[in-house]
file work_1.cif (mmCIF, C-alpha atoms)
data_entry
loop_
_atom_site.label_atom_id
_atom_site.label_comp_id
_atom_site.auth_asym_id
_atom_site.auth_seq_id
_atom_site.Cartn_x
_atom_site.Cartn_y
_atom_site.Cartn_z
CA MET A 1 54.38 -245.81 -33.50
CA ASN A 2 51.90 -248.32 -34.91
CA SER A 3 52.70 -251.07 -37.44
CA GLY A 4 51.25 -249.03 -40.32
CA GLU A 5 53.63 -246.15 -39.55
CA LYS A 6 56.56 -248.57 -39.36
CA GLN A 7 55.66 -250.00 -42.75
CA SER A 8 55.32 -246.52 -44.24
CA LEU A 9 58.67 -245.46 -42.78
CA SER A 10 60.27 -248.59 -44.18
CA LYS A 11 58.89 -247.83 -47.64
CA VAL A 12 60.21 -244.26 -47.49
CA GLN A 13 63.65 -245.44 -46.43
CA HIS A 14 63.66 -248.09 -49.16
CA ARG A 15 62.63 -245.54 -51.77
CA LYS A 16 65.42 -243.19 -50.68
CA LEU A 17 67.89 -246.06 -50.97
CA VAL A 18 66.66 -246.92 -54.47
CA ASP A 19 66.93 -243.24 -55.47
CA GLN A 20 70.51 -243.17 -54.19
CA VAL A 21 71.35 -246.30 -56.18
CA LEU A 22 69.74 -244.83 -59.31
CA GLU A 23 71.89 -241.72 -58.95
CA GLN A 24 74.98 -243.89 -58.46
CA LEU A 25 74.16 -245.94 -61.55
CA LYS A 26 73.51 -242.79 -63.55
CA GLN A 27 76.87 -241.26 -62.62
CA TYR A 28 78.57 -244.61 -63.23
CA LEU A 29 77.10 -244.97 -66.73
CA LEU A 30 77.87 -241.33 -67.58
CA SER A 31 81.47 -241.55 -66.36
CA GLY A 32 82.73 -241.68 -69.94
CA GLU A 33 83.78 -245.30 -69.66
CA PHE A 34 80.68 -246.60 -71.45
CA GLN A 35 78.93 -246.08 -74.77
CA VAL A 36 75.55 -247.15 -76.13
CA ASN A 37 75.45 -250.92 -76.85
CA ASP A 38 78.24 -251.63 -74.33
CA LYS A 39 77.71 -254.46 -71.89
CA ILE A 40 77.82 -253.34 -68.27
CA PRO A 41 79.75 -255.30 -65.61
CA THR A 42 78.25 -258.28 -63.81
CA GLU A 43 76.17 -257.93 -60.64
CA PRO A 44 79.02 -258.93 -58.28
CA LYS A 45 81.37 -256.38 -59.86
CA LEU A 46 78.75 -253.61 -59.73
CA MET A 47 77.97 -254.46 -56.11
CA GLU A 48 81.66 -254.20 -55.27
CA GLU A 49 82.35 -251.02 -57.24
CA LEU A 50 79.21 -249.20 -56.06
CA GLY A 51 79.09 -250.66 -52.56
CA ILE A 52 75.44 -251.69 -52.75
CA GLY A 53 73.38 -254.81 -52.09
CA ARG A 54 72.08 -257.20 -54.74
CA SER A 55 68.35 -256.59 -54.24
CA THR A 56 68.66 -252.79 -54.39
CA LEU A 57 70.97 -253.01 -57.41
CA ARG A 58 68.47 -255.22 -59.22
CA GLU A 59 65.63 -252.83 -58.50
CA GLY A 60 67.67 -249.91 -59.81
CA ILE A 61 68.56 -251.83 -62.98
CA LYS A 62 64.92 -252.81 -63.45
CA ILE A 63 63.86 -249.15 -63.33
CA LEU A 64 66.54 -248.25 -65.90
CA VAL A 65 65.31 -251.10 -68.10
CA TYR A 66 61.76 -249.72 -67.93
CA ALA A 67 63.17 -246.28 -68.79
CA GLY A 68 64.89 -247.65 -71.89
CA VAL A 69 68.40 -246.97 -70.60
CA LEU A 70 69.35 -250.62 -70.15
CA GLU A 71 68.30 -253.90 -71.75
CA VAL A 72 68.70 -257.31 -70.14
CA LYS A 73 69.45 -260.13 -72.59
CA GLN A 74 68.73 -263.52 -71.09
CA GLY A 75 71.97 -265.43 -70.63
CA ALA A 76 74.06 -262.67 -72.25
CA GLY A 77 74.07 -259.84 -69.71
CA THR A 78 72.84 -256.26 -69.46
CA TYR A 79 73.50 -253.72 -72.22
CA ILE A 80 73.26 -249.95 -72.52
CA ARG A 81 70.54 -248.89 -74.96
CA SER A 82 70.54 -245.17 -74.20
CA LEU A 83 72.52 -242.69 -72.14
CA HIS A 84 69.65 -240.25 -72.12
CA PHE A 85 68.09 -239.93 -68.69
CA SER A 86 64.65 -238.36 -68.37
CA SER A 87 64.57 -235.16 -66.39
CA ASN A 88 62.76 -235.11 -63.07
CA GLN A 89 60.39 -232.49 -64.48
CA PHE A 90 59.30 -234.77 -67.32
CA GLU A 91 58.98 -237.75 -64.98
CA GLN A 92 56.78 -235.63 -62.74
CA ARG A 93 54.63 -234.66 -65.73
CA LEU A 94 54.20 -238.33 -66.55
CA ASN A 95 53.30 -239.21 -62.98
CA GLU A 96 50.69 -236.47 -62.93
CA ALA A 97 49.27 -237.23 -66.38
CA LYS A 98 45.67 -238.35 -66.69
CA GLN A 99 44.96 -241.92 -67.73
CA GLU A 100 43.24 -240.64 -70.89
CA ASP A 101 46.35 -238.66 -71.86
CA ILE A 102 48.59 -241.70 -71.48
CA PHE A 103 46.27 -243.82 -73.64
CA GLU A 104 46.12 -241.12 -76.32
CA VAL A 105 49.92 -241.00 -76.48
CA ARG A 106 50.10 -244.78 -76.54
CA LYS A 107 47.53 -244.92 -79.35
CA MET A 108 49.54 -242.55 -81.51
CA LEU A 109 52.72 -244.52 -80.87
CA ASP A 110 51.16 -247.98 -81.26
CA LEU A 111 49.47 -247.31 -84.58
CA GLU A 112 52.71 -246.06 -86.10
CA VAL A 113 55.19 -248.53 -84.60
CA VAL A 114 53.17 -251.61 -85.65
CA ARG A 115 53.21 -250.43 -89.27
CA LEU A 116 56.95 -249.77 -89.19
CA ALA A 117 57.60 -253.06 -87.37
CA ALA A 118 55.67 -254.98 -90.02
CA LYS A 119 57.85 -253.43 -92.71
CA ARG A 120 61.22 -253.54 -90.95
CA ARG A 121 61.22 -256.44 -88.46
CA THR A 122 64.17 -258.81 -88.44
CA GLU A 123 64.29 -262.51 -87.62
CA GLU A 124 65.75 -261.60 -84.23
CA ASP A 125 62.81 -259.25 -83.62
CA LEU A 126 60.35 -262.04 -84.45
CA LEU A 127 62.01 -264.44 -82.02
CA GLN A 128 61.87 -261.83 -79.25
CA LEU A 129 58.22 -261.01 -79.99
CA LYS A 130 57.22 -264.67 -80.01
CA GLY A 131 59.03 -265.23 -76.72
CA TYR A 132 57.24 -262.38 -74.96
CA LEU A 133 53.89 -263.35 -76.49
CA ASP A 134 54.20 -266.96 -75.30
CA LYS A 135 55.18 -265.86 -71.80
CA ARG A 136 52.33 -263.33 -71.74
CA ASN A 137 49.72 -265.91 -72.69
CA GLN A 138 51.12 -268.53 -70.31
CA ALA A 139 51.07 -266.07 -67.39
CA LEU A 140 47.46 -265.17 -68.22
CA GLN A 141 46.42 -268.84 -68.27
CA GLU A 142 48.14 -269.41 -64.92
CA GLY A 143 46.49 -266.36 -63.37
CA ASN A 144 49.86 -264.70 -62.74
CA TYR A 145 48.61 -261.22 -63.59
CA SER A 146 51.71 -259.34 -62.48
CA ALA A 147 53.86 -261.37 -64.89
CA TYR A 148 51.15 -261.09 -67.53
CA ILE A 149 51.24 -257.29 -67.43
CA ASP A 150 55.05 -257.26 -67.53
CA PHE A 151 55.21 -259.56 -70.57
CA ASP A 152 52.33 -257.75 -72.31
CA ILE A 153 54.21 -254.46 -72.03
CA GLU A 154 57.49 -256.10 -73.07
CA PHE A 155 55.72 -257.52 -76.14
CA HIS A 156 54.53 -254.08 -77.22
CA ALA A 157 57.89 -252.48 -76.39
CA ALA A 158 59.55 -255.14 -78.55
CA ILE A 159 57.27 -254.12 -81.41
CA ALA A 160 58.44 -250.54 -80.94
CA LYS A 161 62.02 -251.78 -81.02
CA ALA A 162 61.28 -253.73 -84.22
CA SER A 163 60.27 -250.45 -85.88
CA GLN A 164 64.03 -249.78 -86.07
CA ASN A 165 63.31 -246.19 -85.02
CA THR A 166 65.30 -245.64 -81.85
CA LEU A 167 63.49 -242.41 -80.97
CA LEU A 168 60.06 -244.06 -81.17
CA TYR A 169 61.39 -246.93 -79.08
CA GLU A 170 62.73 -244.56 -76.42
CA LEU A 171 59.44 -242.64 -76.34
CA TYR A 172 57.55 -245.89 -75.85
CA GLN A 173 59.89 -246.96 -73.08
CA THR A 174 59.38 -243.61 -71.36
CA ILE A 175 55.65 -244.18 -70.82
CA THR A 176 55.87 -247.86 -69.82
CA PRO A 177 56.17 -247.32 -66.03
CA LYS A 178 52.98 -245.22 -66.04
CA LEU A 179 51.27 -247.65 -68.41
CA ARG A 180 52.17 -250.55 -66.14
CA ASN A 181 50.48 -248.85 -63.19
CA ILE A 182 47.34 -248.18 -65.21
CA LEU A 183 47.08 -251.75 -66.52
CA SER A 184 47.66 -253.13 -63.03
CA GLY A 185 44.59 -251.22 -61.87
CA LEU A 186 42.46 -252.16 -64.87
CA ILE A 187 43.07 -255.86 -64.57
CA LEU A 188 41.39 -255.82 -61.15
CA LYS A 189 38.21 -254.45 -62.71
CA THR A 190 37.73 -256.47 -65.90
CA ASP A 191 38.31 -259.88 -67.46
CA ARG A 192 38.43 -258.52 -71.01
CA TYR A 193 42.14 -259.31 -71.26
CA GLN A 194 41.31 -262.95 -71.95
CA ASP A 195 39.41 -261.77 -75.04
CA ASN A 196 42.34 -259.91 -76.60
CA THR A 197 44.74 -262.87 -76.71
CA GLU A 198 43.59 -263.67 -80.24
CA ILE A 199 44.16 -260.05 -81.27
CA HIS A 200 47.75 -260.27 -80.05
CA LEU A 201 48.26 -263.49 -82.01
CA ARG A 202 46.85 -261.80 -85.13
CA LEU A 203 49.11 -258.81 -84.53
CA PHE A 204 52.16 -261.07 -84.32
CA ARG A 205 51.16 -262.88 -87.54
CA ALA A 206 50.68 -259.54 -89.32
CA ILE A 207 54.19 -258.46 -88.35
CA LEU A 208 55.53 -261.90 -89.32
CA GLU A 209 53.86 -261.66 -92.73
CA GLN A 210 54.89 -258.01 -93.13
CA ASP A 211 51.31 -256.77 -93.48
CA PRO A 212 51.25 -253.20 -92.05
CA ASP A 213 47.54 -252.65 -92.74
CA GLU A 214 46.51 -255.76 -90.80
CA ALA A 215 48.98 -254.88 -88.04
CA GLU A 216 47.39 -251.43 -87.67
CA THR A 217 43.89 -252.96 -87.64
CA CYS A 218 44.90 -255.34 -84.83
CA ALA A 219 46.55 -252.56 -82.84
CA ARG A 220 43.48 -250.36 -83.20
CA THR A 221 41.16 -253.19 -82.09
CA ASN A 222 43.37 -253.90 -79.08
CA LEU A 223 43.37 -250.25 -78.04
CA GLU A 224 39.59 -250.00 -78.35
CA ARG A 225 39.17 -252.84 -75.87
CA LYS A 226 41.15 -251.11 -73.12
#

call {"tool": "encode", "arguments": {"input": "work_1.cif", "output": "structure tokens"}}
result
Amino acid sequence: MNSGEKQSLSKVQHRKLVDQVLEQLKQYLLSGEFQVNDKIPTEPKLMEELGIGRSTLREGIKILVYAGVLEVKQGAGTYIRSLHFSSNQFEQRLNEAKQEDIFEVRKMLDLEVVRLAAKRRTEEDLLQLKGYLDKRNQALQEGNYSAYIDFDIEFHAAIAKASQNTLLYELYQTITPKLRNILSGLILKTDRYQDNTEIHLRLFRAILEQDPDEAETCARTNLERK
């Protein structure tokens, strides 16, 4: 067996392990012990109760964060935001969706959530948005494109959250894994992302000043540059 086959086998085994951990976490969260907005136990306790390693646990939690099931609050812990788990059939549909379809769905969501966020945002929402925006721009300046994409998506997801519409937020979270893959590919082909930093700053100011029309204009401009 050559080194490429060994690497492929290792990836398959790792993926199976992550899938097993995801199933364990799902059953654990659906045991009836937890409700939405509850804080889940610490990493050491989860590792002990589920009998899994730290790195695999973290990867499973990260996937559930992307799916909108969990939310990690810096310094405060990890909280349950939804106990709705996407079906495998829907996940498969997302994985097979064309790039154009994903962008069309994102456009419909973005143009609505920015208007609602501008009207309904709280001071806590603004602090979270500013934090993600600063980290996004810093990662871009440093050339850390992986972190840049993560923080860019977190910024837009935080806008969806600021809409105060939990269903819109969950829908947005559902497409983020696919969107992350698409943006990761695009950033290798273009340097246009440097140009839309000002648009993101304008979008933040529009939400800050509760100007839904300006927020929609910024969102539309940002989408047109993709």

call {"tool": "atom_distance", "arguments": {"input": "work_1.cif", "atom1": "CA of Ser146 (chain A)", "atom2": "CA of Val21 (chain A)"}}
result
24.4 Å

call {"tool": "residues_around", "arguments": {"input": "work_1.cif", "residues": "Ala139 (chain A)", "least_positions_apart": "4", "cutoff": "10 Å", "atoms": "all atoms listed in the file", "output": "list of chain:residue names"}}
result
A:Leu133, A:Asp134, A:Lys135, A:Gly143, A:Asn144, A:Tyr145, A:Ser146, A:Ala147, A:Tyr148, A:Ile149, A:Asp150, A:Phe151, A:Asp152

call {"tool": "atom_distance", "arguments": {"input": "work_1.cif", "atom1": "CA of Val18 (chain A)", "atom2": "CA of Tyr66 (chain A)"}}
result
14.6 Å

call {"tool": "residues_around", "arguments": {"input": "work_1.cif", "residues": "Phe34 (chain A)", "least_positions_apart": "4", "cutoff": "12 Å", "atoms": "only C-alpha atoms", "output": "list in words"}}
result
Leu25, Lys26, Gln27, Tyr28, Leu29, Leu30, Asp38, Lys39, Ile40, Pro41, Tyr79, Ile80, Arg81, Ser82 and Leu83 of chain A

call {"tool": "atom_distance", "arguments": {"input": "work_1.cif", "atom1": "CA of Ile159 (chain A)", "atom2": "CA of Leu64 (chain A)"}}
result
19.0 Å

call {"tool": "closest_residue", "arguments": {"input": "work_1.cif", "among": "A:Leu127, A:Ile63, A:Leu171, A:Ala76", "to": "Thr42 (chain A)", "atoms": "only C-alpha atoms"}}
result
A:Ala76

call {"tool": "residues_around", "arguments": {"input": "work_1.cif", "residues": "Tyr172 (chain A)", "least_positions_apart": "2", "cutoff": "8 Å", "atoms": "all atoms listed in the file", "output": "PyMOL selection string"}}
result
chain A and resi 106+109+157+160+168-170+174-176

call {"tool": "decode", "arguments": {"input": "work_1.cif", "residues": "region 145-180 of chain A", "atoms": "C-alpha atoms", "output": "PDB file, in the first residue's frame"}}
result
ATOM      1  CA  TYR A 145      -7.452  33.135   4.765  1.00  0.00           C
ATOM      2  CA  SER A 146      -8.844  30.138   6.624  1.00  0.00           C
ATOM      3  CA  ALA A 147      -9.551  32.293   9.684  1.00  0.00           C
ATOM      4  CA  TYR A 148     -10.792  35.085   7.429  1.00  0.00           C
ATOM      5  CA  ILE A 149     -13.434  32.834   5.874  1.00  0.00           C
ATOM      6  CA  ASP A 150     -14.496  31.519   9.287  1.00  0.00           C
ATOM      7  CA  PHE A 151     -14.920  35.015  10.746  1.00  0.00           C
ATOM      8  CA  ASP A 152     -16.606  36.327   7.588  1.00  0.00           C
ATOM      9  CA  ILE A 153     -19.231  33.599   7.830  1.00  0.00           C
ATOM     10  CA  GLU A 154     -19.591  34.107  11.588  1.00  0.00           C
ATOM     11  CA  PHE A 155     -20.168  37.828  10.954  1.00  0.00           C
ATOM     12  CA  HIS A 156     -23.004  37.130   8.529  1.00  0.00           C
ATOM     13  CA  ALA A 157     -24.448  34.400  10.765  1.00  0.00           C
ATOM     14  CA  ALA A 158     -24.412  36.899  13.640  1.00  0.00           C
ATOM     15  CA  ILE A 159     -26.438  39.279  11.474  1.00  0.00           C
ATOM     16  CA  ALA A 160     -28.959  36.488  10.933  1.00  0.00           C
ATOM     17  CA  LYS A 161     -29.051  35.958  14.683  1.00  0.00           C
ATOM     18  CA  ALA A 162     -29.591  39.707  15.214  1.00  0.00           C
ATOM     19  CA  SER A 163     -32.744  39.460  13.089  1.00  0.00           C
ATOM     20  CA  GLN A 164     -34.311  37.864  16.194  1.00  0.00           C
ATOM     21  CA  ASN A 165     -35.970  35.324  13.895  1.00  0.00           C
ATOM     22  CA  THR A 166     -34.776  31.934  15.092  1.00  0.00           C
ATOM     23  CA  LEU A 167     -36.020  30.113  11.983  1.00  0.00           C
ATOM     24  CA  LEU A 168     -34.106  32.434   9.638  1.00  0.00           C
ATOM     25  CA  TYR A 169     -31.039  32.011  11.833  1.00  0.00           C
ATOM     26  CA  GLU A 170     -31.303  28.218  11.721  1.00  0.00           C
ATOM     27  CA  LEU A 171     -31.772  28.267   7.940  1.00  0.00           C
ATOM     28  CA  TYR A 172     -28.669  30.412   7.577  1.00  0.00           C
ATOM     29  CA  GLN A 173     -26.682  28.107   9.830  1.00  0.00           C
ATOM     30  CA  THR A 174     -27.782  25.128   7.750  1.00  0.00           C
ATOM     31  CA  ILE A 175     -26.068  26.392   4.593  1.00  0.00           C
ATOM     32  CA  THR A 176     -22.866  27.641   6.251  1.00  0.00           C
ATOM     33  CA  PRO A 177     -20.830  24.409   5.862  1.00  0.00           C
ATOM     34  CA  LYS A 178     -21.503  24.387   2.105  1.00  0.00           C
ATOM     35  CA  LEU A 179     -20.905  28.129   1.879  1.00  0.00           C
ATOM     36  CA  ARG A 180     -17.587  27.749   3.676  1.00  0.00           C
TER      37      ARG A 180
END
